[in-house]
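Shown below: final16.txt, with compact mmCIF, C-alpha atoms.
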# COMPACT_ATOMS: atom_id res chain seq x y z
CA MET A 1 -27.45 -6.95 -17.01
CA TYR A 2 -25.16 -4.45 -15.28
CA ILE A 3 -26.23 -5.58 -11.77
CA TRP A 4 -25.52 -9.21 -12.68
CA PHE A 5 -22.14 -8.23 -14.12
CA ALA A 6 -21.30 -6.26 -10.94
CA LEU A 7 -22.28 -9.17 -8.69
CA LYS A 8 -20.10 -11.57 -10.69
CA ARG A 9 -17.12 -9.23 -10.51
CA ILE A 10 -17.56 -8.75 -6.73
CA PHE A 11 -17.93 -12.51 -6.22
CA ARG A 12 -14.75 -13.19 -8.20
CA GLY A 13 -12.89 -10.58 -6.14
CA VAL A 14 -14.01 -12.21 -2.88
CA VAL A 15 -13.02 -15.68 -4.14
CA MET A 16 -9.59 -14.41 -5.25
CA PHE A 17 -9.04 -12.69 -1.89
CA THR A 18 -9.99 -15.88 -0.03
CA LEU A 19 -7.65 -18.04 -2.12
CA LEU A 20 -4.76 -15.62 -1.57
CA MET A 21 -5.34 -15.64 2.19
CA PHE A 22 -5.24 -19.46 2.19
CA VAL A 23 -1.95 -19.32 0.27
CA PHE A 24 -0.47 -16.78 2.70
CA SER A 25 -1.65 -18.82 5.66
CA ALA A 26 -0.02 -21.99 4.28
CA LEU A 27 3.24 -20.18 3.53
CA PHE A 28 3.52 -18.71 7.02
CA ASN A 29 2.22 -21.77 8.87
CA THR A 30 5.56 -23.32 9.85
CA VAL A 31 7.14 -20.08 11.08
CA SER A 32 3.97 -19.11 12.92
CA GLU A 33 3.74 -22.39 14.81
CA LYS A 34 7.44 -22.39 15.72
CA THR A 35 7.01 -18.92 17.20
CA GLN A 36 3.84 -19.97 19.00
CA ARG A 37 5.47 -23.06 20.52
CA ALA A 38 8.42 -20.95 21.68
CA GLN A 39 5.98 -18.56 23.36
CA ILE A 40 4.24 -21.48 25.06
CA ARG A 41 7.56 -22.78 26.45
CA GLU A 42 8.45 -19.29 27.68
CA GLU A 43 5.06 -18.78 29.30
CA VAL A 44 5.15 -22.19 31.02
CA THR A 45 8.71 -21.57 32.27
CA MET A 46 7.64 -18.26 33.80
CA LYS A 47 4.73 -19.97 35.59
CA VAL A 48 6.96 -22.77 36.86
CA ASN A 49 9.54 -20.30 38.20
CA ARG A 50 6.84 -18.63 40.27
CA LEU A 51 5.97 -21.94 41.97
CA LYS A 52 8.79 -22.13 44.50
CA ASP A 53 7.00 -24.42 46.95
CA LEU A 54 6.63 -27.39 44.57
CA LYS A 55 8.96 -30.36 44.40
CA PRO A 56 10.92 -30.99 41.17
CA GLU A 57 8.63 -33.91 40.26
CA GLN A 58 5.55 -31.77 40.78
CA MET A 59 7.08 -28.96 38.70
CA GLU A 60 7.68 -31.34 35.80
CA ILE A 61 4.09 -32.61 36.00
CA PHE A 62 2.80 -29.04 36.10
CA ARG A 63 5.02 -28.11 33.15
CA ALA A 64 3.73 -31.02 31.06
CA GLU A 65 0.06 -30.38 31.93
CA GLU A 66 0.28 -26.63 31.32
CA THR A 67 2.11 -27.14 28.01
CA GLU A 68 -0.53 -29.61 26.86
CA ARG A 69 -3.32 -27.22 27.89
CA LEU A 70 -1.83 -24.32 25.94
CA ILE A 71 -1.17 -26.49 22.89
CA LYS A 72 -4.84 -27.52 22.86
CA MET A 73 -5.95 -23.92 23.43
CA TYR A 74 -3.94 -22.71 20.42
CA ARG A 75 -5.13 -25.76 18.41
CA LEU A 76 -1.57 -26.92 17.78
CA ASP A 77 -2.68 -30.52 18.37
CA ARG A 78 -5.00 -30.42 15.37
CA PRO A 79 -4.03 -31.56 11.82
CA VAL A 80 -1.98 -29.14 9.71
CA TRP A 81 -4.73 -28.56 7.14
CA GLU A 82 -7.20 -27.66 9.89
CA ARG A 83 -4.79 -25.16 11.47
CA ILE A 84 -4.20 -23.54 8.08
CA MET A 85 -7.95 -23.39 7.42
CA VAL A 86 -8.72 -21.77 10.78
CA ARG A 87 -5.95 -19.18 10.38
CA ALA A 88 -7.02 -18.38 6.84
CA LEU A 89 -10.69 -18.03 7.79
CA ASN A 90 -9.77 -15.71 10.66
CA THR A 91 -7.69 -13.62 8.25
CA VAL A 92 -10.46 -13.49 5.63
CA THR A 93 -12.93 -12.26 8.24
CA PHE A 94 -10.32 -9.74 9.53
CA ARG A 95 -10.02 -11.42 12.94
CA PHE A 96 -6.27 -11.04 13.18
CA GLY A 97 -6.03 -11.47 16.94
CA ASN A 98 -3.03 -10.30 18.95
CA SER A 99 0.49 -9.75 17.70
CA THR A 100 3.32 -11.98 18.83
CA ILE A 101 5.77 -9.25 19.84
CA MET A 102 4.86 -5.87 18.37
CA LYS A 103 2.71 -3.24 20.08
CA SER A 104 1.01 -0.04 19.03
CA SER A 105 2.12 3.31 20.41
CA GLY A 106 -0.71 3.01 22.94
CA GLY A 107 0.56 -0.37 24.14
CA SER A 108 -2.13 -2.46 22.40
CA ARG A 109 -1.19 -5.84 20.95
CA LEU A 110 -4.27 -6.06 18.76
CA VAL A 111 -3.16 -6.38 15.13
CA VAL A 112 -6.05 -4.16 14.05
CA ASP A 113 -4.77 -1.35 16.29
CA ILE A 114 -1.17 -1.75 15.07
CA ILE A 115 -2.20 -1.65 11.39
CA GLY A 116 -4.71 1.10 12.11
CA GLU A 117 -1.83 3.32 13.24
CA ALA A 118 0.39 2.63 10.22
CA LEU A 119 -2.21 2.75 7.42
CA PRO A 120 -3.17 6.46 7.75
CA ARG A 121 0.52 7.42 7.78
CA THR A 122 1.15 5.54 4.53
CA ILE A 123 -1.92 7.12 2.94
CA LEU A 124 -0.84 10.55 4.17
CA LEU A 125 2.54 10.32 2.45
CA PHE A 126 2.32 7.96 -0.52
CA THR A 127 -1.30 8.40 -1.58
CA SER A 128 -1.03 12.18 -1.30
CA ALA A 129 2.15 12.11 -3.39
CA ILE A 130 0.51 9.91 -6.05
CA ALA A 131 -2.53 12.23 -6.20
CA ILE A 132 -0.29 15.26 -6.80
CA GLU A 133 1.76 13.29 -9.34
CA LEU A 134 -1.40 12.42 -11.27
CA VAL A 135 -2.51 16.04 -11.50
CA ILE A 136 0.93 17.29 -12.62
CA GLY A 137 1.58 14.31 -14.90
CA VAL A 138 -1.75 14.50 -16.73
CA TRP A 139 -1.50 18.27 -17.20
CA LEU A 140 2.10 18.06 -18.45
CA GLY A 141 1.29 15.10 -20.70
CA PHE A 142 -1.56 16.99 -22.36
CA LYS A 143 0.66 20.02 -22.90
CA LYS A 144 3.39 17.85 -24.44
CA ALA A 145 0.88 16.17 -26.77
CA GLN A 146 -0.60 19.51 -27.81
CA LYS A 147 2.71 20.55 -29.40
CA PRO A 148 4.82 17.43 -30.09
CA GLY A 149 8.42 18.18 -30.90
CA SER A 150 8.34 21.58 -29.19
CA ALA A 151 11.00 22.75 -26.77
CA LEU A 152 8.79 21.72 -23.82
CA ASP A 153 8.27 18.24 -25.28
CA ARG A 154 11.95 17.65 -26.04
CA THR A 155 13.36 18.94 -22.76
CA THR A 156 10.84 17.10 -20.56
CA SER A 157 11.39 13.88 -22.52
CA ILE A 158 15.14 14.10 -21.87
CA VAL A 159 14.52 14.78 -18.17
CA THR A 160 12.13 11.81 -18.08
CA MET A 161 14.81 9.45 -19.41
CA VAL A 162 17.29 10.72 -16.81
CA VAL A 163 15.01 10.85 -13.77
CA TYR A 164 12.64 7.92 -14.33
CA GLY A 165 15.39 5.32 -13.88
CA LEU A 166 16.60 6.73 -10.58
CA PRO A 167 15.76 4.58 -7.53
CA SER A 168 13.61 6.52 -5.10
CA TRP A 169 15.74 5.38 -2.14
CA TRP A 170 18.96 6.64 -3.78
CA LEU A 171 17.45 10.04 -4.61
CA GLY A 172 16.06 10.18 -1.08
CA MET A 173 19.52 9.60 0.39
CA MET A 174 21.03 12.29 -1.86
CA LEU A 175 18.36 14.81 -0.88
CA MET A 176 18.77 13.86 2.75
CA MET A 177 22.52 14.45 2.61
CA THR A 178 21.89 17.84 0.98
CA PHE A 179 18.89 19.22 2.87
CA VAL A 180 19.32 17.50 6.25
CA TYR A 181 23.04 17.33 6.95
CA THR A 182 24.44 20.09 4.69
CA ILE A 183 21.85 22.86 4.44
CA LYS A 184 19.84 21.59 7.45
CA ILE A 185 16.35 22.58 6.34
CA PHE A 186 14.42 19.37 7.01
CA PRO A 187 14.49 16.76 9.82
CA SER A 188 16.30 13.47 9.20
CA GLY A 189 13.21 11.29 9.52
CA GLY A 190 10.19 10.24 11.52
CA ILE A 191 6.73 11.75 11.52
CA LEU A 192 6.94 13.98 14.62
CA SER A 193 9.62 15.81 16.58
CA VAL A 194 10.74 14.51 19.98
CA PRO A 195 9.03 15.65 22.11
CA PRO A 196 6.04 16.32 19.80
CA PRO A 197 4.23 19.67 19.97
CA GLU A 198 1.17 19.64 22.21
CA ASN A 199 -0.76 22.28 20.27
CA GLY A 200 -2.94 20.79 17.51
CA LEU A 201 -1.97 23.29 14.81
CA LEU A 202 1.73 23.08 15.66
CA ARG A 203 1.50 19.29 15.66
CA MET A 204 -0.02 19.31 12.16
CA LEU A 205 2.68 21.70 10.90
CA ASP A 206 5.32 19.47 12.44
CA VAL A 207 3.95 16.45 10.55
CA LEU A 208 3.98 18.44 7.29
CA TRP A 209 7.58 19.53 7.99
CA HIS A 210 8.66 15.91 8.45
CA MET A 211 6.67 14.86 5.39
CA ALA A 212 8.09 17.53 3.08
CA LEU A 213 11.40 15.88 2.09
CA PRO A 214 10.01 12.38 1.35
CA MET A 215 7.11 14.00 -0.53
CA ILE A 216 9.52 16.06 -2.66
CA THR A 217 11.53 12.91 -3.39
CA LEU A 218 8.47 11.00 -4.57
CA LEU A 219 7.26 13.92 -6.70
CA LEU A 220 10.63 14.47 -8.38
CA ILE A 221 10.63 10.88 -9.61
CA GLY A 222 6.94 10.20 -10.07
CA PHE A 223 5.27 12.55 -12.53
CA TRP A 224 7.85 12.52 -15.37
CA GLY A 225 7.15 8.98 -16.52
CA LEU A 226 3.41 9.47 -16.12
CA ALA A 227 3.52 12.64 -18.23
CA TYR A 228 5.38 10.78 -20.99
CA ILE A 229 2.82 7.96 -21.05
CA VAL A 230 -0.08 10.43 -21.07
CA ARG A 231 1.59 12.33 -23.90
CA ASN A 232 1.75 9.19 -26.08
CA ILE A 233 -1.84 8.20 -25.31
CA VAL A 234 -3.22 11.67 -26.04
CA LEU A 235 -1.05 12.08 -29.14
CA GLY A 236 -2.61 8.96 -30.66
CA ILE A 237 -6.14 10.18 -29.89
CA LEU A 238 -5.45 13.60 -31.43
CA GLN A 239 -4.89 11.89 -34.79
CA GLU A 240 -8.41 10.44 -34.81
CA ASP A 241 -10.90 11.64 -37.44
CA TYR A 242 -13.43 13.03 -34.96
CA ILE A 243 -10.72 15.21 -33.37
CA MET A 244 -9.69 16.51 -36.81
CA SER A 245 -13.35 17.17 -37.57
CA ALA A 246 -13.85 19.09 -34.32
CA ARG A 247 -10.84 21.25 -35.07
CA ALA A 248 -12.09 21.86 -38.63
CA ARG A 249 -15.43 23.06 -37.23
CA GLY A 250 -13.59 25.69 -35.22
CA VAL A 251 -14.04 24.11 -31.79
CA PRO A 252 -11.66 25.86 -29.33
CA GLU A 253 -8.41 23.98 -28.75
CA ASN A 254 -8.90 23.71 -24.98
CA LYS A 255 -12.33 22.16 -25.50
CA VAL A 256 -10.90 19.71 -28.03
CA LEU A 257 -8.06 18.82 -25.68
CA PHE A 258 -9.83 18.67 -22.33
CA GLY A 259 -13.29 17.74 -23.62
CA HIS A 260 -13.22 15.35 -26.58
CA THR A 261 -9.71 13.99 -26.06
CA LEU A 262 -9.90 13.64 -22.29
CA ARG A 263 -13.10 11.58 -22.54
CA SER A 264 -11.49 9.15 -24.98
CA ALA A 265 -8.31 8.93 -22.90
CA ALA A 266 -10.23 8.42 -19.65
CA PRO A 267 -10.08 4.56 -19.46
CA PRO A 268 -6.27 4.19 -19.66
CA LEU A 269 -5.71 7.32 -17.54
CA VAL A 270 -8.09 6.17 -14.82
CA THR A 271 -6.53 2.70 -14.94
CA MET A 272 -3.03 4.10 -14.41
CA GLY A 273 -4.18 6.51 -11.74
CA LEU A 274 -6.22 4.01 -9.74
CA LEU A 275 -3.55 1.30 -9.91
CA SER A 276 -0.94 3.83 -8.73
CA LEU A 277 -3.14 4.91 -5.84
CA LEU A 278 -3.82 1.29 -4.85
CA ALA A 279 -0.15 0.38 -5.03
CA SER A 280 0.74 3.39 -2.88
CA ILE A 281 -1.32 2.08 0.05
CA SER A 282 1.16 -0.74 0.72
CA GLY A 283 3.96 1.81 1.12
CA ALA A 284 7.61 1.13 0.25
CA ILE A 285 9.91 -0.80 2.56
CA LEU A 286 13.23 0.79 1.55
CA PHE A 287 11.83 4.29 1.18
CA GLU A 288 10.08 4.27 4.55
CA GLY A 289 13.20 2.80 6.13
CA ILE A 290 15.40 5.64 4.84
CA PHE A 291 13.10 8.36 6.13
CA SER A 292 12.03 6.39 9.24
CA TRP A 293 8.42 6.85 8.16
CA PRO A 294 6.19 4.64 10.35
CA GLY A 295 3.90 3.35 7.59
CA LEU A 296 2.82 -0.08 6.38
CA GLY A 297 6.08 -0.73 4.52
CA ASN A 298 8.14 -0.13 7.66
CA LEU A 299 5.64 -2.14 9.70
CA TYR A 300 5.98 -5.07 7.30
CA TRP A 301 9.78 -5.01 7.53
CA VAL A 302 9.77 -4.92 11.35
CA ALA A 303 7.21 -7.76 11.44
CA VAL A 304 9.43 -9.85 9.13
CA GLN A 305 12.47 -9.24 11.33
CA GLN A 306 10.57 -10.22 14.47
CA ASN A 307 8.64 -13.13 12.92
CA ASP A 308 5.37 -11.52 13.97
CA ILE A 309 3.12 -13.59 11.69
CA PRO A 310 -0.26 -12.14 12.85
CA VAL A 311 0.94 -8.63 11.91
CA LEU A 312 2.32 -9.91 8.59
CA LEU A 313 -0.95 -11.62 7.70
CA GLY A 314 -2.94 -8.60 8.80
CA ASP A 315 -0.78 -6.26 6.71
CA LEU A 316 -1.06 -8.52 3.65
CA ALA A 317 -4.81 -8.96 4.13
CA ILE A 318 -5.50 -5.22 4.34
CA THR A 319 -3.31 -4.25 1.37
CA THR A 320 -4.46 -7.20 -0.78
CA GLY A 321 -8.12 -6.55 0.03
CA ILE A 322 -7.85 -2.86 -0.86
CA TYR A 323 -6.01 -3.66 -4.11
CA LEU A 324 -8.52 -6.31 -5.22
CA GLY A 325 -11.40 -4.02 -4.27
CA GLY A 326 -9.89 -1.30 -6.45
CA LEU A 327 -9.59 -3.69 -9.40
CA VAL A 328 -13.25 -4.68 -9.05
CA PHE A 329 -14.23 -1.00 -8.87
CA LEU A 330 -12.15 -0.34 -12.01
CA ASP A 331 -14.04 -3.07 -13.88
CA LEU A 332 -17.37 -1.63 -12.78
CA ILE A 333 -16.70 1.95 -13.92
CA TYR A 334 -15.24 1.08 -17.33
CA GLY A 335 -18.67 1.15 -18.93
CA PHE A 336 -19.26 4.70 -17.70
CA LEU A 337 -15.84 5.92 -18.77
CA ASP A 338 -16.14 4.66 -22.34
CA PRO A 339 -19.63 4.14 -23.83
CA ARG A 340 -18.10 1.97 -26.56
CA ILE A 341 -17.53 -0.76 -23.96
CA LYS A 342 -20.48 -3.12 -23.67
CA VAL A 343 -20.61 -4.26 -20.06
CA GLY A 344 -20.99 -8.01 -19.79
CA GLY A 345 -21.48 -8.35 -23.53
CA LYS A 346 -20.14 -11.00 -25.86
CA ALA A 347 -17.88 -10.44 -28.85
Spell out the structure here as structure tokens.
Amino acid sequence: MYIWFALKRIFRGVVMFTLLMFVFSALFNTVSEKTQRAQIREEVTMKVNRLKDLKPEQMEIFRAEETERLIKMYRLDRPVWERIMVRALNTVTFRFGNSTIMKSSGGSRLVVDIIGEALPRTILLFTSAIAIELVIGVWLGFKKAQKPGSALDRTTSIVTMVVYGLPSWWLGMMLMMTFVYTIKIFPSGGILSVPPPENGLLRMLDVLWHMALPMITLLLIGFWGLAYIVRNIVLGILQEDYIMSARARGVPENKVLFGHTLRSAAPPLVTMGLLSLLASISGAILFEGIFSWPGLGNLYWVAVQQNDIPVLLGDLAITTGIYLGGLVFLDLIYGFLDPRIKVGGKA
């Protein structure tokens, strides 16, 4: 039963991913083909300019023949639905091809190489920040639920209301003005100094130094709201009869809190944590722009500005695929997190 349920969930995830890629391909089709036709005209013009010994009539014939050849090579003479299908199938199978304009730091125009550079940087900053937020937020939420109405609970709830509504980009700018231009502790942005250190250890420390201020910004905003949500979830579970019974039997409070209660709170906590981690992989366009962090969010913004559709589709395919894969994984582990859930069962 569980294997069949898992296969159905995986199949649905693949179908959803395929449908989304077809939608993205259709949405970007017009812009992509305009850019491709402009590239063809530019390439043909460059070839014609190199042919100085041809007569004007011969140049025009060459221009027409070369343009037609390139149009057929890029399948621009085929029907619209076929072009959309081919582009979507290439995206689904992760054959993104070459970028239109953008290049990796090594000079490669392969979309896989360009995204492969940006993805680890986004994971390094955002996913690491979310992981730390989860640890602090869950711990603080449990402590708040353990003694509701205490000084800790009241003060942190007030701070949550103040901090949670702050835009991360605004707080980032304030911290940058303070710790970059006033006190001058951290660098203004980027991931490495110019020129970067050649020593491996110094290079790693330099990355951590550049990462410190954006990481602090994300942490200052992130864990307060999570702690408040965890507090409310745990507070409801602590009122259950089996928790009262465990306390009446003299079970130690830490075991009640982090044993019985944590197991019951696992499904919503894991859901929040996993969704936050998945969302962090796509980065944040404004936030990465402020700190000049070369992640997927910044890559997406540059690709939009330059109409680099292969990079856009590749970015969307990677982030969408990871997110859908995480949702499927979440469905599959629910039965292990809460034994009350009957996997694949009927009401």
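If you measure from each of A:Leu296, A:Leu19, A:Asn49, A:Phe223 to Val92 (chain A) using only C-alpha atoms, the closest one turns out to be A:Leu19.
You can rank A:Ser282, A:Asn254, A:Ser104, A:Thr217 by their closest distance to Ile318 (chain A) using all atoms listed in the file, and at the top of that list sits A:Ser282.
Ranking A:Ser105, A:Gln305, A:Thr319, A:Gln146 by their shortest atom-to-atom distance to Leu257 (chain A), with all atoms listed in the file included, puts A:Gln146 first.
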List every protein, DNA or RNA residue that has an atom no more than 12 Å from (0.4, 16.9, -20.6) in the file's coordinate frame, counting all atoms listed in the file, and report them as a VMD selection string.
chain A and resid 133 to 148 152 to 153 156 to 157 223 to 235 257 to 258 261 to 262 269
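Here the selection is built from all atoms listed in the file, and the residues within 6 Å of (-1.5, -12.7, 4.2) turn out to be Met21, Phe24, Leu313, Leu316 and Ala317 of chain A.
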Shell around region 112-121 of chain A at 10 Å using all atoms listed in the file, local window under 5 positions removed, as number ranges by chain:
A: 94-99, 102-107, 126-127, 191, 211, 281-283, 293-300, 310-312, 314-315, 318-319
Counting all atoms listed in the file, what is within 12 Å of Arg247 (chain A), bar same-chain residues fewer than 5 positions away, as a VMD selection string?
chain A and resid 238 to 242 252 to 257 260 to 261
Among listed residues A:Val48, A:Leu286, A:Val163, A:Ile3, nearest Glu60 (chain A) (using all atoms listed in the file):
A:Val48
To one decimal in Å, tell me the separation between CA of Thr91 (chain A) and CA of Ser25 (chain A).
8.4 Å
Skip Thr93 (chain A) itself and residues of its chain fewer than 4 positions away, then list as a short mmCIF file (atom, residue, chain, number, x, y, z; two decimals) with C-alpha atoms, keeping the file's coordinate frame all residues within 10 Å of it, counting only C-alpha atoms.
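Just written: selection_24.cif:
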data_model
loop_
_atom_site.label_atom_id
_atom_site.label_comp_id
_atom_site.auth_asym_id
_atom_site.auth_seq_id
_atom_site.Cartn_x
_atom_site.Cartn_y
_atom_site.Cartn_z
CA THR A 18 -9.99 -15.88 -0.03
CA ALA A 88 -7.02 -18.38 6.84
CA LEU A 89 -10.69 -18.03 7.79
CA ALA A 317 -4.81 -8.96 4.13
#
